[in-house]
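Visitor: Just passing along the structure, written as structure tokens.
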Amino acid sequence: MSSIGKKALMAASGLVLVGFVIAHLAGNLLVYGGPSALNAYAEKLRHVPPLLWSARVFLLAAVAVHIATSVQLAIENRRARPQRYRVQRMAETTLAARTMLPSGLLVLAYVIYHLLHFTFRAAHPELSRATDALGRHDVYAMVVLSFQQPPIAFAYVVGMAAVCLHLNHGIGSAAQTLGWTDERTLRWWARAGRLLSFALFIGYISIPLSILLGLVG
Amino acid sequence: MRLTLRVWRQKSAKEPGRFETYEAKDISPDLSFLELLDVVNDGLQQRGLDPIAFDHDCREGICGSCAMMINGEAHGPQPAVAACQLYLRHFKDGETLTIEPWRARAFPIIRDLIVDRSAFDRIIQAGGYVSVDTGSAPEANSVPVPKPDAEEAMDAAACIGCGACVAACPNASAMLFVAAKVSHLAKLPQGQAERKPRVLNMVEQMDREGFGNCTNHYECMAACPKSIHVKFIAQLNRDYLKACRRR
Ligand code: HEM
Ligand code: FES
């Protein structure tokens, strides 16, 4: 496949995942509505297994495409300059743009831990077993008990920092790769991407931090 | 003024290269960078040593021959100029300058600072032209071109093919060059007939040459002596993805 073809797939799959990251935050913020709101939402998600599973398969496919294309592109890019410069000065690029592979790998590690923790409940089973008064799985209790542990809250903040760093470049870059930009909108996309990634960071870390500080729970 | 130069010397692609240090004393700050190399080369030849090989032709920023990294920047620290139009007054007296060739797998070193840029020629041969009957020149006003389109086409056509975009790109990608060549014809009525095969074939050739993939660092735009804008890369992406869909 051509370079532009691979990049378009990387960008499109990345944006699918951005869509998920936004929707997921909207759901998570229900923790501020108390146990009944969060547990009812979790129950509802599990209520329609075909929908749940098609969403999961779709996301997994996006992750697979994203990793396959991005890793292949990164390898090709290393090969394209076998001998490095003794001195090279950068004028335009950003830290986020230069660290897409490491931040992406950190996101991957975080996602695996996160699934083991809350989805498969294998990482900290002792925090995950409660059921609420209606006999539903007590997601609220699981979240609160987990984030009351400083190491777990810390791991989530680091994971979210990686996601934020990755998207800081990723969103604007994807718009350019897909050809959505022109001279006027290029800066707009880059700025909107940075703003969105920062908003997602604040939204997500507010949950472990407010529980750790005893404001929620 | 006085400058110390650390210059990459390499006899051929097969032999290993190394940095050599040269002192340039009592030189006028009004010299261009290439004239500085001329002065250093005079001194080397008087001592019976090999002069530094470097590409140059027009020495007025239009041919795209001159090509070198100066202190880690393609064509040196001044924006929007080629090395031939870079003057020594922009450097500090007593400064040490590191001078390297463009480094990219697709641009193999021929000697010292000279690299083989024929990969660019092969990309142009793959589609960077319009097929028309030549002969008597047509009446210029018979094909009207809207002013904004003509301006944009000219902005893209300003590319002199020097390769600074590849040299400055962290991925050694040639996307800005290909984008400029594709866009300048895509903006004109004469370019429409071959628009789809052009973009497909030029990108295919670009990939075959072993350039890297653009990941939107935009170092190319900062390094370009003609300040070609990365909006043309978006145009290239648009044209390419559209051509793929209609294939
Ligand atoms: C929540 C998960 C993720 C999201 C939302 C996401 C999103 C994105 C987006 C939007 C792009 C921009 C595409 C472009 O440059 O045109 C991108 C690029 C990239 N992603 Fe991800 N990504 C995620 C996970 C990962 C993972 C797990 C990896 C690990 C291998 C990874 C590696 C990369 C790389 C290497 C690039 C290209 C870097 C560049 O443009 O310089 N991503 N990602
Ligand atoms: S020598 Fe022609 S552009 Fe520099």
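Lettering and numbering for the structure tokens are positional, with chains as A, B, ... in the shown order, residues counted from 1 in each chain, and ligands counted from 1 in the shown order.
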May I ask you to extract the residues of chain B within 6 Å of chain A, using only C-alpha atoms, and to give them as a PyMOL selection string?

Guide: chain B and resi 72-73+104-105+171-172+211-212+216-219+231+234+237-238

Visitor: Using the selection just defined, write its residues with N, CA and C atoms as a JSON list (two decimals), in the first residue's frame.

Guide:
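The resulting part_31.json:
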```
[["chain", "number", "residue", "atom", "x", "y", "z"],
["B", 72, "GLY", "N", 22.99, 22.41, 11.15],
["B", 72, "GLY", "CA", 21.76, 21.63, 11.38],
["B", 72, "GLY", "C", 20.54, 22.18, 10.70],
["B", 73, "GLU", "N", 20.69, 23.21, 9.85],
["B", 73, "GLU", "CA", 19.53, 23.74, 9.14],
["B", 73, "GLU", "C", 19.80, 23.72, 7.64],
["B", 104, "ALA", "N", 19.71, 11.40, 3.30],
["B", 104, "ALA", "CA", 18.50, 10.62, 3.05],
["B", 104, "ALA", "C", 18.90, 9.40, 2.23],
["B", 105, "ARG", "N", 18.21, 8.29, 2.48],
["B", 105, "ARG", "CA", 18.53, 7.09, 1.71],
["B", 105, "ARG", "C", 18.31, 7.33, 0.21],
["B", 171, "ASN", "N", 11.73, 12.63, 8.90],
["B", 171, "ASN", "CA", 11.50, 11.33, 8.25],
["B", 171, "ASN", "C", 12.09, 11.25, 6.85],
["B", 172, "ALA", "N", 12.83, 12.27, 6.42],
["B", 172, "ALA", "CA", 13.36, 12.34, 5.05],
["B", 172, "ALA", "C", 12.24, 12.10, 4.03],
["B", 211, "PHE", "N", 11.89, 7.44, 0.03],
["B", 211, "PHE", "CA", 11.71, 8.58, 0.94],
["B", 211, "PHE", "C", 10.84, 8.13, 2.12],
["B", 212, "GLY", "N", 10.89, 8.87, 3.21],
["B", 212, "GLY", "CA", 10.07, 8.54, 4.38],
["B", 212, "GLY", "C", 8.64, 9.03, 4.20],
["B", 216, "ASN", "N", 3.73, 15.23, 9.38],
["B", 216, "ASN", "CA", 3.24, 16.58, 9.66],
["B", 216, "ASN", "C", 4.01, 17.32, 10.75],
["B", 217, "HIS", "N", 5.33, 17.28, 10.64],
["B", 217, "HIS", "CA", 6.16, 18.10, 11.52],
["B", 217, "HIS", "C", 6.30, 19.52, 10.96],
["B", 218, "TYR", "N", 6.16, 19.65, 9.65],
["B", 218, "TYR", "CA", 6.24, 20.94, 8.93],
["B", 218, "TYR", "C", 7.62, 21.57, 8.97],
["B", 219, "GLU", "N", 8.66, 20.78, 9.23],
["B", 219, "GLU", "CA", 10.03, 21.29, 9.13],
["B", 219, "GLU", "C", 10.36, 21.69, 7.70],
["B", 231, "LYS", "N", 0.11, 23.63, 3.03],
["B", 231, "LYS", "CA", -1.27, 23.44, 2.55],
["B", 231, "LYS", "C", -1.25, 22.63, 1.25],
["B", 234, "ALA", "N", -1.71, 19.01, 2.01],
["B", 234, "ALA", "CA", -3.12, 18.65, 2.19],
["B", 234, "ALA", "C", -3.79, 18.48, 0.82],
["B", 237, "ASN", "N", -2.74, 15.18, -0.55],
["B", 237, "ASN", "CA", -3.47, 14.10, 0.12],
["B", 237, "ASN", "C", -4.90, 14.00, -0.42],
["B", 238, "ARG", "N", -5.55, 15.16, -0.57],
["B", 238, "ARG", "CA", -6.93, 15.20, -1.09],
["B", 238, "ARG", "C", -6.98, 14.61, -2.49]]
```

Visitor: Kindly compile the residues surrounding ligand 2 within 10 Å, counting only C-alpha atoms and all ligand atoms, and format them as a PyMOL selection string.

Guide: chain B and resi 33-34+54-67+75+81-86+160-162+225

Visitor: Show me which residues line ligand 1, defined as having an atom within 6 Å of a ligand atom where only C-alpha atoms and all ligand atoms count, and present them as a compact mmCIF listing (two decimals) with C-alpha atoms, in the first residue's frame.

Guide:
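Result went into pocket.txt, see below:
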```
# COMPACT_ATOMS: atom_id res chain seq x y z
CA LYS A 7 -1.31 7.32 6.60
CA MET A 10 -3.69 5.52 10.49
CA ALA A 11 -5.44 8.89 10.65
CA GLY A 14 -6.98 7.28 15.12
CA LEU A 15 -10.03 9.52 14.75
CA LEU A 17 -10.48 6.07 18.67
CA VAL A 18 -10.72 9.80 19.45
CA ILE A 67 -0.96 0.00 15.35
CA SER A 70 1.73 3.46 12.50
CA VAL A 71 4.44 0.94 13.38
CA ALA A 97 4.90 15.28 17.24
CA MET A 100 4.21 9.82 18.77
CA LEU A 101 5.68 6.32 18.88
CA GLY A 104 1.48 5.58 21.51
CA LEU A 105 3.23 2.62 23.13
CA VAL A 107 -1.14 4.45 25.62
CA LEU A 108 -1.13 0.81 24.55
CA LEU A 167 -3.64 13.50 20.65
CA GLY A 170 -2.60 13.41 16.46
CA ILE A 171 -5.86 15.29 15.89
CA SER A 173 -2.11 15.79 12.04
CA ALA A 174 -4.98 13.48 11.07
CA THR A 177 -3.33 13.69 6.41
CA THR B 215 4.02 12.87 9.77
```

Visitor: Could you name the residues that touch Leu127 in chain A at 7 Å or less, counting only C-alpha atoms, but leaving out those on the same chain fewer than 6 positions away, as a PDB file with N, CA, C and O atoms, in the first residue's frame?

Guide:
```pdb
ATOM      1  N   MET A 142     -16.420  -0.045  42.740  1.00  0.00           N
ATOM      2  CA  MET A 142     -15.160  -0.508  42.161  1.00  0.00           C
ATOM      3  C   MET A 142     -14.263   0.693  41.819  1.00  0.00           C
ATOM      4  O   MET A 142     -13.065   0.698  42.131  1.00  0.00           O
ATOM      5  N   LEU A 145     -13.228   2.567  45.230  1.00  0.00           N
ATOM      6  CA  LEU A 145     -12.235   1.806  45.999  1.00  0.00           C
ATOM      7  C   LEU A 145     -10.881   1.802  45.297  1.00  0.00           C
ATOM      8  O   LEU A 145      -9.833   1.893  45.938  1.00  0.00           O
ATOM      9  N   SER A 146     -10.909   1.720  43.958  1.00  0.00           N
ATOM     10  CA  SER A 146      -9.655   1.691  43.196  1.00  0.00           C
ATOM     11  C   SER A 146      -8.899   3.011  43.334  1.00  0.00           C
ATOM     12  O   SER A 146      -7.708   3.039  43.646  1.00  0.00           O
TER      13      SER A 146
END
```

Visitor: If you run DSSP on the backbone, which residues of range 53-242 of chain B are strand (DSSP E), as a list in words?

Guide: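 Everything in range 53-242 of chain B that counts as strand (DSSP E) is Met69, Ile70, Glu73, Ala74, Thr96, Leu97, Thr98, Ile99, Glu100, Ile109, Ile110, Arg111, Ile114 and Val115 of chain B.
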
Visitor: So that I can check the secondary structure, give me every residue of range 140-190 of chain B assigned helix (DSSP H, G or I) by backbone DSSP, as a PyMOL selection string.

Guide: chain B and resi 140-142+147-157+164-168+175-186+189-190

Visitor: Near Pro51 in chain B, within 7 Å and counting only C-alpha atoms, which residues show up once chain neighbours fewer than 5 positions away are dropped, as a PDB file with all heavy atoms, in the first residue's frame?

Guide:
```pdb
ATOM      1  N   ASN B  41      38.362  26.726  -0.607  1.00  0.00           N
ATOM      2  CA  ASN B  41      38.867  25.811  -1.635  1.00  0.00           C
ATOM      3  C   ASN B  41      40.146  26.343  -2.293  1.00  0.00           C
ATOM      4  O   ASN B  41      41.063  25.565  -2.584  1.00  0.00           O
ATOM      5  CB  ASN B  41      37.801  25.560  -2.705  1.00  0.00           C
ATOM      6  CG  ASN B  41      36.833  24.459  -2.259  1.00  0.00           C
ATOM      7  OD1 ASN B  41      37.108  23.739  -1.295  1.00  0.00           O
ATOM      8  ND2 ASN B  41      35.719  24.337  -2.954  1.00  0.00           N
ATOM      9  N   LEU B  44      42.857  25.439  -0.016  1.00  0.00           N
ATOM     10  CA  LEU B  44      43.145  24.004  -0.049  1.00  0.00           C
ATOM     11  C   LEU B  44      43.957  23.652  -1.288  1.00  0.00           C
ATOM     12  O   LEU B  44      44.924  22.886  -1.226  1.00  0.00           O
ATOM     13  CB  LEU B  44      41.837  23.201  -0.047  1.00  0.00           C
ATOM     14  CG  LEU B  44      41.059  23.176   1.272  1.00  0.00           C
ATOM     15  CD1 LEU B  44      39.726  22.463   1.104  1.00  0.00           C
ATOM     16  CD2 LEU B  44      41.888  22.503   2.361  1.00  0.00           C
ATOM     17  N   GLN B  45      43.569  24.237  -2.431  1.00  0.00           N
ATOM     18  CA  GLN B  45      44.261  23.902  -3.675  1.00  0.00           C
ATOM     19  C   GLN B  45      45.694  24.407  -3.677  1.00  0.00           C
ATOM     20  O   GLN B  45      46.582  23.730  -4.185  1.00  0.00           O
ATOM     21  CB  GLN B  45      43.480  24.445  -4.870  1.00  0.00           C
ATOM     22  CG  GLN B  45      42.328  23.504  -5.231  1.00  0.00           C
ATOM     23  CD  GLN B  45      41.404  24.074  -6.289  1.00  0.00           C
ATOM     24  OE1 GLN B  45      40.896  25.181  -6.128  1.00  0.00           O
ATOM     25  NE2 GLN B  45      41.181  23.324  -7.354  1.00  0.00           N
TER      26      GLN B  45
END
```

Visitor: Taking only C-alpha atoms into account, name the residue in A:Leu9, A:Ala42, A:Ala153, A:Ile22 that is nearest to His66 in chain A.

Guide: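 Smallest distance to His66 in chain A is found for A:Leu9.
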
Visitor: In Å, with one decimal, what is the gap from CA of His90 in chain B to CA of Thr4 in chain B?

Guide: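 We find that CA of His90 in chain B and CA of Thr4 in chain B lie 14.7 Å from each other.
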
Visitor: Can you pull out every residue within 7 Å of Glu100 in chain B, counting only C-alpha atoms, but drop anything in the same chain fewer than 4 positions away, and send it as a PyMOL selection string?

Guide: chain B and resi 7-8+68-70+113

Visitor: Next, dump the selected residues to file, keeping only N, CA, C and O atoms, as an mmCIF file, in the first residue's frame.

Guide:
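Writing the result to part00.cif gives the following:
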```cif
data_model
loop_
_atom_site.group_PDB
_atom_site.id
_atom_site.type_symbol
_atom_site.label_atom_id
_atom_site.label_comp_id
_atom_site.auth_asym_id
_atom_site.auth_seq_id
_atom_site.Cartn_x
_atom_site.Cartn_y
_atom_site.Cartn_z
ATOM 1 N N VAL B 7 33.595 20.479 8.105
ATOM 2 C CA VAL B 7 32.959 20.096 6.839
ATOM 3 C C VAL B 7 33.009 18.583 6.653
ATOM 4 O O VAL B 7 34.034 17.948 6.915
ATOM 5 N N TRP B 8 31.894 18.026 6.190
ATOM 6 C CA TRP B 8 31.841 16.584 5.909
ATOM 7 C C TRP B 8 32.608 16.286 4.629
ATOM 8 O O TRP B 8 32.315 16.852 3.578
ATOM 9 N N MET B 68 23.118 22.282 1.219
ATOM 10 C CA MET B 68 23.939 21.835 2.350
ATOM 11 C C MET B 68 23.264 22.195 3.671
ATOM 12 O O MET B 68 22.520 23.164 3.755
ATOM 13 N N MET B 69 23.525 21.353 4.668
ATOM 14 C CA MET B 69 23.069 21.635 6.019
ATOM 15 C C MET B 69 24.127 22.504 6.672
ATOM 16 O O MET B 69 25.310 22.153 6.702
ATOM 17 N N ILE B 70 23.724 23.651 7.181
ATOM 18 C CA ILE B 70 24.653 24.549 7.862
ATOM 19 C C ILE B 70 24.179 24.666 9.304
ATOM 20 O O ILE B 70 23.065 25.137 9.544
ATOM 21 N N LEU B 113 29.802 17.278 -0.211
ATOM 22 C CA LEU B 113 28.474 17.836 0.037
ATOM 23 C C LEU B 113 27.514 17.581 -1.125
ATOM 24 O O LEU B 113 26.368 18.027 -1.090
#
```
